[in-house]
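Asker: Below: one structure in structure tokens.
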Amino acid sequence: MDQATQIQQIAERTERLLVRHRELQRTNALLTEQVALLTHERDSLKSRLGAARARIDALLERLPESVTVAPAPAYRKDGQDVGDLP
């Protein structure tokens, strides 16, 4: 293999590496943007969740203490109410 062929091969490989590098830079930029958007969305959802929890806590505070809830009826695996058993 002569020197000109080797130089040509090195030049082609270098060009392919540069193309790949540019592709990876674009991909990285897109992924960085996506991370920023998702981070913003996550922070917004966390804020909304905190506000919803605060509203629920406020509603729970307004409930009277003496409220009793009847227990749900028990059912067997076949769906028959346990109270219906002979």
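Naming scheme: A, B, ... for chains in displayed order of the structure tokens; residues 1 onward per chain; ligands 1 onward as shown.
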Would you please extract all alpha helix (DSSP H) residues from chain A, as assigned by DSSP on the backbone, and give them as a compact mmCIF listing (two decimals) with C-alpha atoms, in the first residue's frame?

Answerer:
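To be explicit, this is the file written out as states00.txt:
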```txt
# COMPACT_ATOMS: atom_id res chain seq x y z
CA GLN A 3 1.60 6.42 1.07
CA ALA A 4 -1.05 8.22 -1.02
CA THR A 5 -3.54 5.39 -0.43
CA GLN A 6 -2.88 5.45 3.31
CA ILE A 7 -3.35 9.20 3.42
CA GLN A 8 -6.61 8.85 1.45
CA GLN A 9 -7.88 6.18 3.88
CA ILE A 10 -6.95 8.32 6.88
CA ALA A 11 -8.71 11.31 5.30
CA GLU A 12 -11.88 9.24 4.67
CA ARG A 13 -11.89 7.87 8.21
CA THR A 14 -11.35 11.36 9.59
CA GLU A 15 -14.28 12.67 7.53
CA ARG A 16 -16.51 9.84 8.79
CA LEU A 17 -15.46 10.60 12.36
CA LEU A 18 -16.28 14.28 11.88
CA VAL A 19 -19.71 13.43 10.46
CA ARG A 20 -20.38 11.08 13.37
CA HIS A 21 -19.19 13.73 15.82
CA ARG A 22 -21.62 16.30 14.37
CA GLU A 23 -24.47 13.76 14.57
CA LEU A 24 -23.67 13.03 18.20
CA GLN A 25 -23.51 16.75 18.98
CA ARG A 26 -26.99 17.24 17.49
CA THR A 27 -28.32 14.23 19.38
CA ASN A 28 -26.78 15.50 22.60
CA ALA A 29 -28.33 18.95 22.10
CA LEU A 30 -31.76 17.42 21.51
CA LEU A 31 -31.44 15.20 24.57
CA THR A 32 -30.27 18.13 26.70
CA GLU A 33 -33.32 20.11 25.59
CA GLN A 34 -35.58 17.15 26.35
CA VAL A 35 -34.09 16.78 29.83
CA ALA A 36 -34.72 20.47 30.50
CA LEU A 37 -38.34 20.20 29.35
CA LEU A 38 -38.96 17.05 31.39
CA THR A 39 -37.32 18.60 34.46
CA HIS A 40 -39.61 21.61 34.13
CA GLU A 41 -42.64 19.34 33.71
CA ARG A 42 -41.62 17.27 36.74
CA ASP A 43 -41.20 20.38 38.87
CA SER A 44 -44.60 21.64 37.75
CA LEU A 45 -46.24 18.30 38.57
CA LYS A 46 -44.57 18.22 41.99
CA SER A 47 -45.89 21.70 42.67
CA ARG A 48 -49.40 20.73 41.59
CA LEU A 49 -49.22 17.60 43.75
CA GLY A 50 -48.19 19.66 46.76
CA ALA A 51 -51.08 22.06 46.18
CA ALA A 52 -53.54 19.17 45.81
CA ARG A 53 -52.27 17.60 49.03
CA ALA A 54 -52.70 20.91 50.82
CA ARG A 55 -56.30 21.19 49.55
CA ILE A 56 -57.05 17.62 50.66
CA ASP A 57 -55.52 18.27 54.08
CA ALA A 58 -57.66 21.40 54.40
CA LEU A 59 -60.78 19.43 53.47
CA LEU A 60 -59.90 16.70 55.96
CA GLU A 61 -59.52 19.31 58.68
CA ARG A 62 -63.06 20.52 57.97
```
